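Everything on this sheet refers to the single structure shown next.
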Amino acid sequence: MATPSTPLPFFVYGTLRPGQPNHDLFLRGRTESEEPGRLHGTALYDGPGYPYAVEAPGSVIVGELVTARPEAYPQLLRELDRLEDYAPGDPANLYERVERQVTRDTDRTPVRAWVYLAAPTVTARLRTHGKLIEGGDWINRR
């Protein structure tokens, strides 16, 4: 299990993906690589202008595995935690940052990565009243 200081890649599936509004604000010039990947066991729900990933066996979401440049990692981690309204142990979190296995599309290699999943209270609301994004792809949603 990784600790917050473990420099894992991030799996991004919404507004941080290339071509989306937060990519340029947070990631441009701060990454070593960005490559397509898939997170199995999760479904994507539409939020107000951004998506939420929720654990859902048998489902998959698509996104990018983003590896930060080492010198940019500590600050980027703090900024992404703030963007995602995540603070360790805070019951008011919208997202929880968790370590998951993500499958890299190019060679199907599993890669450990940080992923922001919907926090438990948000997950419960989405499962009851949320709009599922069919196909698990925020960019190509219908």
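Identifiers for the structure tokens are assigned positionally: chains receive A, B, ... in sequence, residues are indexed from 1 per chain, and ligands are indexed from 1 in the order shown.
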Per-residue nearest contacts stretch 1-107 of chain A to stretch 111-132 of chain A, cut-off 10 Å, using only C-alpha atoms, as a Markdown table:
```
| residue | atom | partner | partner_atom | distance |
| --- | --- | --- | --- | --- |
| A:Met1 | CA | A:Arg112 | CA | 9.5 |
| A:Ala2 | CA | A:Arg112 | CA | 8.9 |
| A:Pro4 | CA | A:Trp114 | CA | 9.2 |
| A:Thr6 | CA | A:Trp114 | CA | 9.7 |
| A:Pro7 | CA | A:Ala113 | CA | 9.0 |
| A:Leu8 | CA | A:Ala113 | CA | 5.3 |
| A:Pro9 | CA | A:Ala113 | CA | 4.9 |
| A:Phe10 | CA | A:Trp114 | CA | 4.7 |
| A:Phe11 | CA | A:Val115 | CA | 5.3 |
| A:Val12 | CA | A:Val115 | CA | 7.0 |
| A:Tyr13 | CA | A:Val115 | CA | 9.0 |
| A:Gly37 | CA | A:Val111 | CA | 9.2 |
| A:Leu39 | CA | A:Val115 | CA | 9.1 |
| A:Thr42 | CA | A:Leu117 | CA | 8.8 |
| A:Ala43 | CA | A:Leu132 | CA | 7.4 |
| A:Leu44 | CA | A:Leu132 | CA | 6.0 |
| A:Tyr45 | CA | A:Leu132 | CA | 4.5 |
| A:Asp46 | CA | A:Lys131 | CA | 5.5 |
| A:Gly47 | CA | A:Gly130 | CA | 8.0 |
| A:Pro51 | CA | A:Ala118 | CA | 9.1 |
| A:Tyr52 | CA | A:Ala118 | CA | 5.5 |
| A:Ala53 | CA | A:Leu117 | CA | 5.0 |
| A:Val54 | CA | A:Ala118 | CA | 5.7 |
| A:Glu55 | CA | A:Leu117 | CA | 7.7 |
| A:Ala56 | CA | A:Arg127 | CA | 9.9 |
| A:Leu65 | CA | A:Ala113 | CA | 7.6 |
| A:Val66 | CA | A:Ala113 | CA | 8.8 |
| A:Thr67 | CA | A:Ala113 | CA | 9.1 |
| A:Leu77 | CA | A:Trp114 | CA | 9.7 |
| A:Leu80 | CA | A:Tyr116 | CA | 9.3 |
| A:Asp81 | CA | A:Tyr116 | CA | 8.7 |
| A:Glu84 | CA | A:Tyr116 | CA | 7.4 |
| A:Asp85 | CA | A:Tyr116 | CA | 9.8 |
| A:Tyr86 | CA | A:Tyr116 | CA | 8.5 |
| A:Asp90 | CA | A:Ala119 | CA | 10.0 |
| A:Pro91 | CA | A:Ala119 | CA | 8.5 |
| A:Ala92 | CA | A:Ala119 | CA | 8.5 |
| A:Asn93 | CA | A:Ala119 | CA | 6.2 |
| A:Leu94 | CA | A:Ala119 | CA | 5.3 |
| A:Tyr95 | CA | A:Ala118 | CA | 4.4 |
| A:Glu96 | CA | A:Ala119 | CA | 5.3 |
| A:Arg97 | CA | A:Tyr116 | CA | 4.4 |
| A:Val98 | CA | A:Val115 | CA | 5.4 |
| A:Glu99 | CA | A:Trp114 | CA | 4.7 |
| A:Arg100 | CA | A:Ala113 | CA | 5.6 |
| A:Gln101 | CA | A:Arg112 | CA | 4.6 |
| A:Val102 | CA | A:Val111 | CA | 5.2 |
| A:Thr103 | CA | A:Val111 | CA | 6.1 |
| A:Arg104 | CA | A:Val111 | CA | 6.9 |
```
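Taking chain A and asking which residues DSSP calls alpha helix (DSSP H) on the backbone, you get Pro21, Asn22, Tyr73, Pro74, Gln75, Leu76, Leu77, Arg78, Glu79, Leu80, Asp81, Arg82, Leu83, Pro120, Thr121, Val122, Thr123, Ala124, Arg125, Leu126, Arg127, Thr128 and His129 of chain A.
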Generate a file of the selected residues that holds N, CA and C atoms, formatted as a PDB file, in the first residue's frame.
```
ATOM      1  N   PRO A  21     -10.655  21.078 -19.519  1.00  0.00           N
ATOM      2  CA  PRO A  21     -10.255  22.364 -18.945  1.00  0.00           C
ATOM      3  C   PRO A  21      -9.175  22.316 -17.860  1.00  0.00           C
ATOM      4  N   ASN A  22      -9.187  21.333 -16.999  1.00  0.00           N
ATOM      5  CA  ASN A  22      -8.207  21.313 -15.907  1.00  0.00           C
ATOM      6  C   ASN A  22      -6.858  20.718 -16.304  1.00  0.00           C
ATOM      7  N   TYR A  73       6.004  16.524  -8.468  1.00  0.00           N
ATOM      8  CA  TYR A  73       5.063  15.619  -7.805  1.00  0.00           C
ATOM      9  C   TYR A  73       4.509  16.154  -6.477  1.00  0.00           C
ATOM     10  N   PRO A  74       5.335  16.575  -5.512  1.00  0.00           N
ATOM     11  CA  PRO A  74       4.767  16.976  -4.214  1.00  0.00           C
ATOM     12  C   PRO A  74       3.744  18.110  -4.331  1.00  0.00           C
ATOM     13  N   GLN A  75       4.056  19.124  -5.112  1.00  0.00           N
ATOM     14  CA  GLN A  75       3.127  20.241  -5.256  1.00  0.00           C
ATOM     15  C   GLN A  75       1.888  19.817  -6.041  1.00  0.00           C
ATOM     16  N   LEU A  76       2.069  19.010  -7.072  1.00  0.00           N
ATOM     17  CA  LEU A  76       0.940  18.549  -7.870  1.00  0.00           C
ATOM     18  C   LEU A  76      -0.017  17.718  -7.014  1.00  0.00           C
ATOM     19  N   LEU A  77       0.511  16.852  -6.178  1.00  0.00           N
ATOM     20  CA  LEU A  77      -0.331  16.051  -5.282  1.00  0.00           C
ATOM     21  C   LEU A  77      -1.183  16.962  -4.404  1.00  0.00           C
ATOM     22  N   ARG A  78      -0.573  17.971  -3.809  1.00  0.00           N
ATOM     23  CA  ARG A  78      -1.330  18.910  -2.963  1.00  0.00           C
ATOM     24  C   ARG A  78      -2.410  19.638  -3.765  1.00  0.00           C
ATOM     25  N   GLU A  79      -2.054  20.077  -4.970  1.00  0.00           N
ATOM     26  CA  GLU A  79      -3.012  20.824  -5.795  1.00  0.00           C
ATOM     27  C   GLU A  79      -4.168  19.940  -6.251  1.00  0.00           C
ATOM     28  N   LEU A  80      -3.878  18.699  -6.618  1.00  0.00           N
ATOM     29  CA  LEU A  80      -4.953  17.803  -7.048  1.00  0.00           C
ATOM     30  C   LEU A  80      -5.855  17.428  -5.873  1.00  0.00           C
ATOM     31  N   ASP A  81      -5.268  17.207  -4.703  1.00  0.00           N
ATOM     32  CA  ASP A  81      -6.089  16.947  -3.512  1.00  0.00           C
ATOM     33  C   ASP A  81      -7.044  18.116  -3.271  1.00  0.00           C
ATOM     34  N   ARG A  82      -6.542  19.331  -3.385  1.00  0.00           N
ATOM     35  CA  ARG A  82      -7.377  20.514  -3.175  1.00  0.00           C
ATOM     36  C   ARG A  82      -8.454  20.614  -4.266  1.00  0.00           C
ATOM     37  N   LEU A  83      -8.067  20.401  -5.532  1.00  0.00           N
ATOM     38  CA  LEU A  83      -9.026  20.442  -6.632  1.00  0.00           C
ATOM     39  C   LEU A  83     -10.165  19.452  -6.402  1.00  0.00           C
ATOM     40  N   PRO A 120     -17.861   8.150   0.240  1.00  0.00           N
ATOM     41  CA  PRO A 120     -19.016   7.295   0.546  1.00  0.00           C
ATOM     42  C   PRO A 120     -20.380   7.998   0.498  1.00  0.00           C
ATOM     43  N   THR A 121     -20.500   9.190   1.049  1.00  0.00           N
ATOM     44  CA  THR A 121     -21.805   9.865   1.026  1.00  0.00           C
ATOM     45  C   THR A 121     -22.199  10.250  -0.398  1.00  0.00           C
ATOM     46  N   VAL A 122     -21.218  10.672  -1.193  1.00  0.00           N
ATOM     47  CA  VAL A 122     -21.480  11.015  -2.592  1.00  0.00           C
ATOM     48  C   VAL A 122     -21.843   9.747  -3.373  1.00  0.00           C
ATOM     49  N   THR A 123     -21.132   8.660  -3.113  1.00  0.00           N
ATOM     50  CA  THR A 123     -21.408   7.382  -3.779  1.00  0.00           C
ATOM     51  C   THR A 123     -22.842   6.939  -3.537  1.00  0.00           C
ATOM     52  N   ALA A 124     -23.292   7.009  -2.289  1.00  0.00           N
ATOM     53  CA  ALA A 124     -24.657   6.598  -1.955  1.00  0.00           C
ATOM     54  C   ALA A 124     -25.678   7.431  -2.718  1.00  0.00           C
ATOM     55  N   ARG A 125     -25.468   8.734  -2.793  1.00  0.00           N
ATOM     56  CA  ARG A 125     -26.386   9.613  -3.512  1.00  0.00           C
ATOM     57  C   ARG A 125     -26.392   9.286  -5.014  1.00  0.00           C
ATOM     58  N   LEU A 126     -25.196   9.081  -5.593  1.00  0.00           N
ATOM     59  CA  LEU A 126     -25.106   8.788  -7.025  1.00  0.00           C
ATOM     60  C   LEU A 126     -25.782   7.468  -7.374  1.00  0.00           C
ATOM     61  N   ARG A 127     -25.583   6.458  -6.550  1.00  0.00           N
ATOM     62  CA  ARG A 127     -26.189   5.152  -6.835  1.00  0.00           C
ATOM     63  C   ARG A 127     -27.712   5.233  -6.815  1.00  0.00           C
ATOM     64  N   THR A 128     -28.251   6.146  -6.015  1.00  0.00           N
ATOM     65  CA  THR A 128     -29.701   6.302  -5.911  1.00  0.00           C
ATOM     66  C   THR A 128     -30.262   7.255  -6.953  1.00  0.00           C
ATOM     67  N   HIS A 129     -29.594   8.402  -7.151  1.00  0.00           N
ATOM     68  CA  HIS A 129     -30.161   9.461  -7.982  1.00  0.00           C
ATOM     69  C   HIS A 129     -29.262   9.910  -9.125  1.00  0.00           C
TER      70      HIS A 129
END
```
* To do: Enumerate as a VMD selection string all residues of stretch 33-137 of chain A assigned to strand (DSSP E) by DSSP on the backbone, naming them with the chain letters and numbers the document uses.
  => chain A and resid 33 to 46 51 to 68 95 to 104 110 to 118 131 to 132
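For the residues A:Ile139, A:Ala68, A:Ala87, A:Val60, ranking by smallest atom-to-atom distance to A:Glu35 using only C-alpha atoms places A:Ala68 first.
Using only C-alpha atoms for every distance, the candidate list A:Arg38, A:Asp105, A:Asp137, A:Glu32 yields A:Asp137 as the residue closest to A:Thr15.
Atom pair atom CA of A:Ile61 / atom CA of A:Gly135: separated by 7.1 Å.
Remark: for A:Arg17, the closest of the candidate residues A:Gly29, A:Pro57, A:Gly49, A:Gly63 is A:Gly63 (distances computed over only C-alpha atoms).
Put simply, atom CA of A:Thr31 is 11.8 Å away from atom CA of A:Glu64.
One finds atom CA of A:His23 at 13.7 Å from atom CA of A:Trp138.
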* To do: Find, counting only C-alpha atoms, the residue in A:Gly58, A:His40, A:Asn140, A:Arg69 that gets nearest to A:Gln20.
  => A:Asn140
